[in-house]
>>> print(open('my_file.csv').read())   # CSV, C-alpha atoms
chain,number,residue,atom,x,y,z
A,201,MET,CA,80.5,124.1,78.6
A,202,SER,CA,81.2,123.8,82.4
A,203,GLU,CA,80.5,126.8,84.6
A,204,ALA,CA,83.5,129.0,85.3
A,205,ILE,CA,85.3,128.7,88.6
A,206,SER,CA,84.7,131.6,90.9
A,207,VAL,CA,87.2,133.0,93.5
A,208,VAL,CA,87.7,135.8,96.0
A,209,LEU,CA,91.2,137.2,96.3
A,210,ILE,CA,92.5,138.3,99.7
A,211,ASP,CA,95.9,140.0,99.8
A,212,ASP,CA,97.0,143.3,101.4
A,213,HIS,CA,99.0,144.3,98.4
A,214,GLY,CA,96.8,146.0,95.8
A,215,LEU,CA,99.2,145.4,93.0
A,216,CYS,CA,99.2,141.7,93.7
A,217,ARG,CA,95.4,141.6,93.8
A,218,ARG,CA,95.1,143.5,90.5
A,219,GLY,CA,97.7,141.4,88.7
A,220,LEU,CA,96.3,138.1,89.9
A,221,ALA,CA,92.7,139.1,89.0
A,222,GLU,CA,93.8,140.0,85.5
A,223,LEU,CA,95.7,136.8,85.1
A,224,LEU,CA,92.8,134.6,86.3
A,225,GLU,CA,90.1,136.4,84.3
A,226,GLN,CA,91.9,137.1,81.1
A,227,ARG,CA,94.1,134.0,80.7
A,228,ALA,CA,92.1,131.4,82.5
A,229,GLY,CA,88.4,132.5,82.4
A,230,ILE,CA,88.2,132.3,86.2
A,231,ARG,CA,85.6,134.7,87.6
A,232,VAL,CA,86.9,137.0,90.3
A,233,LEU,CA,83.9,137.9,92.5
A,234,GLY,CA,85.9,140.4,94.6
A,235,THR,CA,89.3,141.4,95.9
A,236,THR,CA,90.3,142.8,99.3
A,237,GLY,CA,93.1,143.2,101.8
A,238,ASN,CA,90.8,144.0,104.7
A,239,PRO,CA,89.8,141.1,107.0
A,240,ASP,CA,86.3,142.4,107.7
A,241,GLU,CA,85.6,142.9,104.0
A,242,ALA,CA,87.0,139.5,103.3
A,243,VAL,CA,84.6,137.8,105.6
A,244,ARG,CA,81.7,139.8,104.1
A,245,LEU,CA,82.7,139.0,100.6
A,246,LEU,CA,83.1,135.3,101.3
A,247,ARG,CA,79.7,135.1,103.0
A,248,ASP,CA,77.8,137.1,100.3
A,249,ALA,CA,79.6,136.0,97.1
A,250,ARG,CA,80.0,132.3,98.1
A,251,PRO,CA,82.9,131.7,95.7
A,252,ASP,CA,84.2,128.2,94.8
A,253,LEU,CA,87.6,129.2,96.3
A,254,ALA,CA,89.3,131.8,98.4
A,255,ILE,CA,92.8,132.6,97.4
A,256,MET,CA,94.7,134.1,100.3
A,257,ASP,CA,98.1,135.5,101.3
A,258,LEU,CA,99.5,134.6,104.7
A,259,ARG,CA,101.6,137.6,105.5
A,260,MET,CA,99.1,140.4,105.8
A,261,ALA,CA,98.5,143.4,108.0
A,262,PRO,CA,96.9,144.1,110.4
A,263,VAL,CA,95.4,140.6,110.5
A,264,ASP,CA,97.5,137.7,109.1
A,265,GLY,CA,96.2,134.9,107.1
A,266,PHE,CA,96.2,132.4,110.0
A,267,ALA,CA,94.0,134.7,112.1
A,268,LEU,CA,91.7,135.2,109.2
A,269,LEU,CA,91.4,131.5,108.6
A,270,SER,CA,90.5,131.0,112.3
A,271,ARG,CA,87.9,133.7,112.1
A,272,MET,CA,86.3,132.3,108.9
A,273,ARG,CA,85.9,128.9,110.4
A,274,ALA,CA,84.6,130.3,113.7
A,275,GLU,CA,81.9,132.2,111.7
A,276,GLY,CA,80.9,129.1,109.8
A,277,ILE,CA,82.5,130.1,106.4
A,278,ASP,CA,83.7,126.8,104.9
A,279,THR,CA,84.9,128.1,101.5
A,280,PRO,CA,88.0,126.1,100.4
A,281,VAL,CA,91.1,128.1,100.8
A,282,VAL,CA,94.2,128.2,98.6
A,283,VAL,CA,97.2,130.0,100.1
A,284,LEU,CA,99.3,132.0,97.6
A,285,THR,CA,102.3,133.4,99.4
A,286,MET,CA,106.0,134.2,99.3
A,287,SER,CA,106.6,132.1,102.4
A,288,ASP,CA,108.5,128.9,101.8
A,289,LEU,CA,108.8,128.2,105.6
A,290,LYS,CA,108.0,124.7,106.7
A,291,ASP,CA,106.3,126.1,109.9
A,292,ASP,CA,103.9,128.2,107.8
A,293,LEU,CA,103.2,125.3,105.5
A,294,GLY,CA,102.4,123.1,108.5
A,295,ARG,CA,100.2,125.7,110.2
A,296,ALA,CA,98.3,126.3,106.9
A,297,PHE,CA,97.4,122.6,106.4
A,298,ARG,CA,96.5,122.2,110.1
A,299,ALA,CA,94.1,125.1,109.6
A,300,GLY,CA,92.5,123.1,106.7
A,301,VAL,CA,93.7,124.8,103.6
A,302,ARG,CA,93.3,122.9,100.3
A,303,GLY,CA,96.4,124.3,98.6
A,304,TYR,CA,99.7,126.0,99.3
A,305,LEU,CA,101.2,127.9,96.3
A,306,LEU,CA,104.2,130.2,96.0
A,307,LYS,CA,104.0,133.6,94.3
A,308,ASP,CA,107.1,132.9,92.3
A,309,MET,CA,105.5,129.9,90.6
A,310,ASP,CA,105.0,130.1,86.8
A,311,PRO,CA,101.6,131.8,86.1
A,312,ASP,CA,100.3,128.8,84.1
A,313,ASP,CA,101.2,126.5,87.0
A,314,VAL,CA,99.2,128.7,89.4
A,315,ILE,CA,96.2,128.6,87.1
A,316,ASP,CA,96.5,124.8,86.8
A,317,ALA,CA,96.7,124.4,90.6
A,318,ILE,CA,93.7,126.6,91.1
A,319,ARG,CA,91.7,124.6,88.7
A,320,ARG,CA,92.7,121.3,90.4
A,321,THR,CA,91.8,122.6,93.8
A,322,ALA,CA,88.4,123.6,92.5
A,323,ARG,CA,87.9,120.0,91.4
A,324,GLY,CA,88.6,118.9,95.0
A,325,GLU,CA,92.3,118.0,94.8
A,326,VAL,CA,94.9,119.0,97.3
A,327,VAL,CA,97.7,121.0,95.7
A,328,VAL,CA,101.2,122.0,97.0
A,329,ALA,CA,103.9,124.0,95.2
A,330,PRO,CA,106.5,121.5,94.0
A,331,LEU,CA,109.2,123.3,96.2
A,332,MET,CA,107.1,122.6,99.3
A,333,ALA,CA,106.0,119.0,98.7
A,334,ALA,CA,109.0,117.3,100.3
A,335,LYS,CA,108.7,119.7,103.3
A,336,LEU,CA,105.1,118.8,103.8
A,337,VAL,CA,105.7,115.1,103.7
A,338,ASP,CA,108.4,115.6,106.4
A,339,LEU,CA,105.9,117.5,108.5
A,340,LEU,CA,103.2,114.9,108.1
A,341,VAL,CA,105.1,111.8,109.1
A,342,PRO,CA,108.0,112.7,111.4
A,343,GLY,CA,110.3,109.9,112.3
A,344,LYS,CA,109.0,108.0,115.4
A,345,GLU,CA,111.0,105.3,117.1
A,346,GLY,CA,113.3,105.0,114.1
A,347,LYS,CA,110.4,104.2,111.7
A,348,THR,CA,110.5,105.5,108.2
A,349,ARG,CA,107.4,106.6,106.1
A,350,ASP,CA,107.6,103.3,104.2
A,351,ASP,CA,107.3,101.5,107.6
A,352,TYR,CA,104.1,103.4,108.3
A,353,LEU,CA,102.7,102.5,104.8
A,354,GLN,CA,103.4,98.9,105.4
A,355,GLN,CA,100.8,98.9,108.2
A,356,LEU,CA,97.9,99.7,105.8
A,357,THR,CA,95.7,97.0,104.6
A,358,GLU,CA,94.8,96.7,100.9
A,359,ARG,CA,91.4,98.3,101.5
A,360,GLU,CA,93.0,101.1,103.4
A,361,ARG,CA,95.4,101.8,100.5
A,362,GLU,CA,92.5,101.8,98.1
A,363,ILE,CA,90.6,104.3,100.3
A,364,LEU,CA,93.8,106.4,100.6
A,365,GLN,CA,94.0,106.6,96.8
A,366,HIS,CA,90.4,107.9,96.7
A,367,LEU,CA,91.2,110.5,99.3
A,368,ALA,CA,94.1,111.7,97.1
A,369,SER,CA,91.6,112.3,94.3
A,370,GLY,CA,89.5,114.5,96.6
A,371,LYS,CA,86.5,112.2,97.0
A,372,SER,CA,84.2,112.5,100.0
A,373,ASN,CA,83.4,109.6,102.3
A,374,LYS,CA,80.0,109.3,100.6
A,375,ALA,CA,81.6,109.1,97.2
A,376,ILE,CA,84.1,106.6,98.3
A,377,ALA,CA,81.4,104.5,99.8
A,378,GLN,CA,79.4,104.5,96.6
A,379,VAL,CA,82.5,103.5,94.5
A,380,LEU,CA,83.5,100.7,96.8
A,381,ASP,CA,79.9,99.6,97.6
A,382,ILE,CA,80.5,99.8,101.3
A,383,SER,CA,78.7,101.8,104.0
A,384,HIS,CA,79.5,105.4,104.8
A,385,ASP,CA,80.3,104.4,108.4
A,386,THR,CA,82.8,101.8,107.2
A,387,VAL,CA,84.6,104.4,105.1
A,388,LYS,CA,84.8,106.7,108.2
A,389,LEU,CA,86.2,103.9,110.2
A,390,HIS,CA,88.9,103.1,107.6
A,391,VAL,CA,89.8,106.8,107.3
A,392,ARG,CA,90.3,106.9,111.1
A,393,HIS,CA,92.5,103.9,110.9
A,394,ILE,CA,94.6,105.3,108.0
A,395,LEU,CA,95.2,108.6,109.9
A,396,SER,CA,96.2,106.7,113.1
A,397,LYS,CA,98.6,104.4,111.3
A,398,LEU,CA,100.2,107.2,109.3
A,399,GLY,CA,100.4,109.5,112.3
A,400,LEU,CA,98.3,112.2,110.5
A,401,THR,CA,95.5,114.4,111.8
A,402,SER,CA,93.3,115.2,108.8
A,403,ARG,CA,92.0,114.0,105.4
A,404,VAL,CA,94.0,116.8,103.8
A,405,GLU,CA,97.3,115.5,105.2
A,406,ALA,CA,96.4,112.0,104.1
A,407,ALA,CA,95.6,113.1,100.6
A,408,VAL,CA,98.9,115.1,100.3
A,409,PHE,CA,100.8,112.1,101.6
A,410,ALA,CA,99.2,109.8,99.1
A,411,VAL,CA,99.8,112.1,96.1
A,412,GLU,CA,103.5,112.6,97.1
A,413,HIS,CA,104.1,108.9,97.5
A,414,ARG,CA,101.9,107.7,94.6
A,415,VAL,CA,100.4,105.2,97.0
A,416,SER,CA,99.4,101.9,95.3
A,417,ARG,CA,97.4,99.0,96.7
A,418,GLU,CA,99.9,96.5,95.2
A,419,GLY,CA,103.2,95.9,96.9
A,420,GLY,CA,104.5,97.2,100.2
A,421,GLY,CA,106.0,100.6,99.5
A,422,PRO,CA,105.0,103.8,97.8
A,423,GLN,CA,105.3,104.3,94.1
A,424,ARG,CA,107.1,107.6,93.3
A,425,ALA,CA,106.8,109.3,90.0
A,426,PRO,CA,110.0,109.1,87.9
A,427,GLY,CA,112.4,111.9,88.1
>>> encode(input="my_file.csv", output="structure tokens")
Amino acid sequence: MSEAISVVLIDDHGLCRRGLAELLEQRAGIRVLGTTGNPDEAVRLLRDARPDLAIMDLRMAPVDGFALLSRMRAEGIDTPVVVLTMSDLKDDLGRAFRAGVRGYLLKDMDPDDVIDAIRRTARGEVVVAPLMAAKLVDLLVPGKEGKTRDDYLQQLTEREREILQHLASGKSNKAIAQVLDISHDTVKLHVRHILSKLGLTSRVEAAVFAVEHRVSREGGGPQRAPG
């Protein structure tokens, strides 16, 4: 049996913390190592408990989630973060992913969908609430000089598409190099080219873009899921 996922919950509403903790522990068997709405306590918890994931609200007082994310990274805390918020604003979504979060979920999602998303992020996937997926893609590749997203994808080589698929599955550069039997430096170079061609700034953005478009090595355009 695989080891249970461990999380720390950060939300300034006690009722939300308690309800989410009960949901994750009782229904999903996910270990909640601590809960807090205090930024200083959150930093201490993350440093001491070393959870697999931090699940964080954005709209908190007195320090909001964006400020806390910046502080965590400045203090060398690299725990993957999943945002769980009421905010469906495109600007908040963009800021969150630019800050390096691994997932963006909404509090009005079905509880089972939240559990599934948390499990997927723990496996290294990038997860976005369905309502926010189209907004994120619009943020990632804004129209430039009349080009569409398909135009940008056409610029990728077959090898770059292959690597983009692996990014979507959450693989590291080292893991991609092993699978494709190429050097780590070659993978890094391909990733830089992919980001440049798609007008993106991070691996997370590339992974979300690939998932949303069901990028395939064959053919010119993206492959979207039916429906």
>>> residues_around(input="my_file.csv", residues="Ser270 (chain A)", least_positions_apart="4", cutoff="8 Å", atoms="all atoms listed in the file", output="JSON, numbers by chain")
{"A": [266, 274, 299]}
>>> closest_atom_pairs(input="my_file.csv", of="region 286-371 of chain A", to="region 375-388 of chain A", cutoff="9 Å", atoms="only C-alpha atoms", output="tab-separated table")
residue	atom	partner	partner_atom	distance
A:Ile363	CA	A:Ile376	CA	7.2
A:His366	CA	A:Ile376	CA	6.6
A:Leu367	CA	A:Ile376	CA	8.2
A:Lys371	CA	A:Ala375	CA	5.8
>>> closest_residue(input="my_file.csv", among="A:Ala317, A:Leu336, A:Met272, A:Ala407", to="Lys290 (chain A)", atoms="only C-alpha atoms")
A:Leu336
>>> residues_around(input="my_file.csv", residues="Glu360 (chain A)", least_positions_apart="6", cutoff="12 Å", atoms="all atoms listed in the file", output="list of chain:residue names")
A:Leu353, A:Gln354, A:His366, A:Leu367, A:Ile376, A:Leu380, A:Thr386, A:Val387, A:Lys388, A:Leu389, A:His390, A:Val391, A:Arg392, A:His393, A:Ile394, A:Leu395, A:Ser396, A:Lys397, A:Leu398, A:Ala406, A:Ala410, A:Val415, A:Ser416, A:Arg417, A:Glu418
>>> atom_distance(input="my_file.csv", atom1="CA of Gly219 (chain A)", atom2="CA of Arg271 (chain A)")
26.5 Å
>>> residues_around(input="my_file.csv", residues="Asp248 (chain A)", least_positions_apart="6", cutoff="12 Å", atoms="only C-alpha atoms", output="PDB file with C-alpha atoms, keeping the file's coordinate frame")
ATOM      1  CA  VAL A 208      87.700 135.800  96.000  1.00  0.00           C
ATOM      2  CA  LEU A 233      83.900 137.900  92.500  1.00  0.00           C
ATOM      3  CA  GLY A 234      85.900 140.400  94.600  1.00  0.00           C
ATOM      4  CA  GLU A 241      85.600 142.900 104.000  1.00  0.00           C
ATOM      5  CA  ALA A 242      87.000 139.500 103.300  1.00  0.00           C
ATOM      6  CA  ILE A 277      82.500 130.100 106.400  1.00  0.00           C
ATOM      7  CA  THR A 279      84.900 128.100 101.500  1.00  0.00           C
TER       8      THR A 279
END
>>> residues_around(input="my_file.csv", residues="region 280-287 of chain A", least_positions_apart="5", cutoff="7 Å", atoms="all atoms listed in the file", output="mmCIF file with C-alpha atoms, in the frame of the given file")
data_model
loop_
_atom_site.group_PDB
_atom_site.id
_atom_site.type_symbol
_atom_site.label_atom_id
_atom_site.label_comp_id
_atom_site.auth_asym_id
_atom_site.auth_seq_id
_atom_site.Cartn_x
_atom_site.Cartn_y
_atom_site.Cartn_z
ATOM 1 C CA LEU A 253 87.600 129.200 96.300
ATOM 2 C CA ALA A 254 89.300 131.800 98.400
ATOM 3 C CA ILE A 255 92.800 132.600 97.400
ATOM 4 C CA MET A 256 94.700 134.100 100.300
ATOM 5 C CA ASP A 257 98.100 135.500 101.300
ATOM 6 C CA LEU A 258 99.500 134.600 104.700
ATOM 7 C CA VAL A 301 93.700 124.800 103.600
ATOM 8 C CA ARG A 302 93.300 122.900 100.300
ATOM 9 C CA GLY A 303 96.400 124.300 98.600
ATOM 10 C CA TYR A 304 99.700 126.000 99.300
ATOM 11 C CA LEU A 305 101.200 127.900 96.300
ATOM 12 C CA LEU A 306 104.200 130.200 96.000
ATOM 13 C CA LYS A 307 104.000 133.600 94.300
#
>>> atom_distance(input="my_file.csv", atom1="CA of Leu289 (chain A)", atom2="CA of Glu325 (chain A)")
22.2 Å
>>> atom_distance(input="my_file.csv", atom1="CA of Asp308 (chain A)", atom2="CA of Ser402 (chain A)")
27.9 Å
>>> closest_residue(input="my_file.csv", among="A:His213, A:Arg247, A:Arg227, A:Arg403", to="Ser372 (chain A)", atoms="only C-alpha atoms")
A:Arg403
>>> decode(input="my_file.csv", residues="region 258-288 of chain A", atoms="C-alpha atoms", output="PDB file, in the first residue's frame")
ATOM      1  CA  LEU A 258      -5.609  33.376  -1.668  1.00  0.00           C
ATOM      2  CA  ARG A 259      -7.864  35.879   0.062  1.00  0.00           C
ATOM      3  CA  MET A 260      -6.581  35.898   3.629  1.00  0.00           C
ATOM      4  CA  ALA A 261      -5.966  38.558   6.254  1.00  0.00           C
ATOM      5  CA  PRO A 262      -3.690  40.122   7.285  1.00  0.00           C
ATOM      6  CA  VAL A 263      -1.324  38.541   4.716  1.00  0.00           C
ATOM      7  CA  ASP A 264      -2.849  37.268   1.483  1.00  0.00           C
ATOM      8  CA  GLY A 265      -1.826  34.107  -0.299  1.00  0.00           C
ATOM      9  CA  PHE A 266       0.368  35.867  -2.847  1.00  0.00           C
ATOM     10  CA  ALA A 267       2.454  37.517  -0.146  1.00  0.00           C
ATOM     11  CA  LEU A 268       2.754  34.210   1.685  1.00  0.00           C
ATOM     12  CA  LEU A 269       3.870  32.450  -1.510  1.00  0.00           C
ATOM     13  CA  SER A 270       6.594  35.043  -1.993  1.00  0.00           C
ATOM     14  CA  ARG A 271       7.739  34.653   1.602  1.00  0.00           C
ATOM     15  CA  MET A 272       7.826  30.868   1.344  1.00  0.00           C
ATOM     16  CA  ARG A 273      10.034  30.947  -1.735  1.00  0.00           C
ATOM     17  CA  ALA A 274      12.270  33.661  -0.252  1.00  0.00           C
ATOM     18  CA  GLU A 275      12.822  31.464   2.812  1.00  0.00           C
ATOM     19  CA  GLY A 276      13.651  28.419   0.702  1.00  0.00           C
ATOM     20  CA  ILE A 277      10.395  26.511   1.277  1.00  0.00           C
ATOM     21  CA  ASP A 278       9.713  24.680  -1.980  1.00  0.00           C
ATOM     22  CA  THR A 279       6.612  22.706  -0.941  1.00  0.00           C
ATOM     23  CA  PRO A 280       4.270  22.376  -3.956  1.00  0.00           C
ATOM     24  CA  VAL A 281       1.223  24.600  -3.498  1.00  0.00           C
ATOM     25  CA  VAL A 282      -2.382  23.997  -4.489  1.00  0.00           C
ATOM     26  CA  VAL A 283      -4.616  27.060  -4.334  1.00  0.00           C
ATOM     27  CA  LEU A 284      -8.166  26.425  -3.095  1.00  0.00           C
ATOM     28  CA  THR A 285     -10.125  29.640  -3.350  1.00  0.00           C
ATOM     29  CA  MET A 286     -13.429  31.303  -4.165  1.00  0.00           C
ATOM     30  CA  SER A 287     -11.727  33.621  -6.652  1.00  0.00           C
ATOM     31  CA  ASP A 288     -12.455  32.855 -10.299  1.00  0.00           C
TER      32      ASP A 288
END
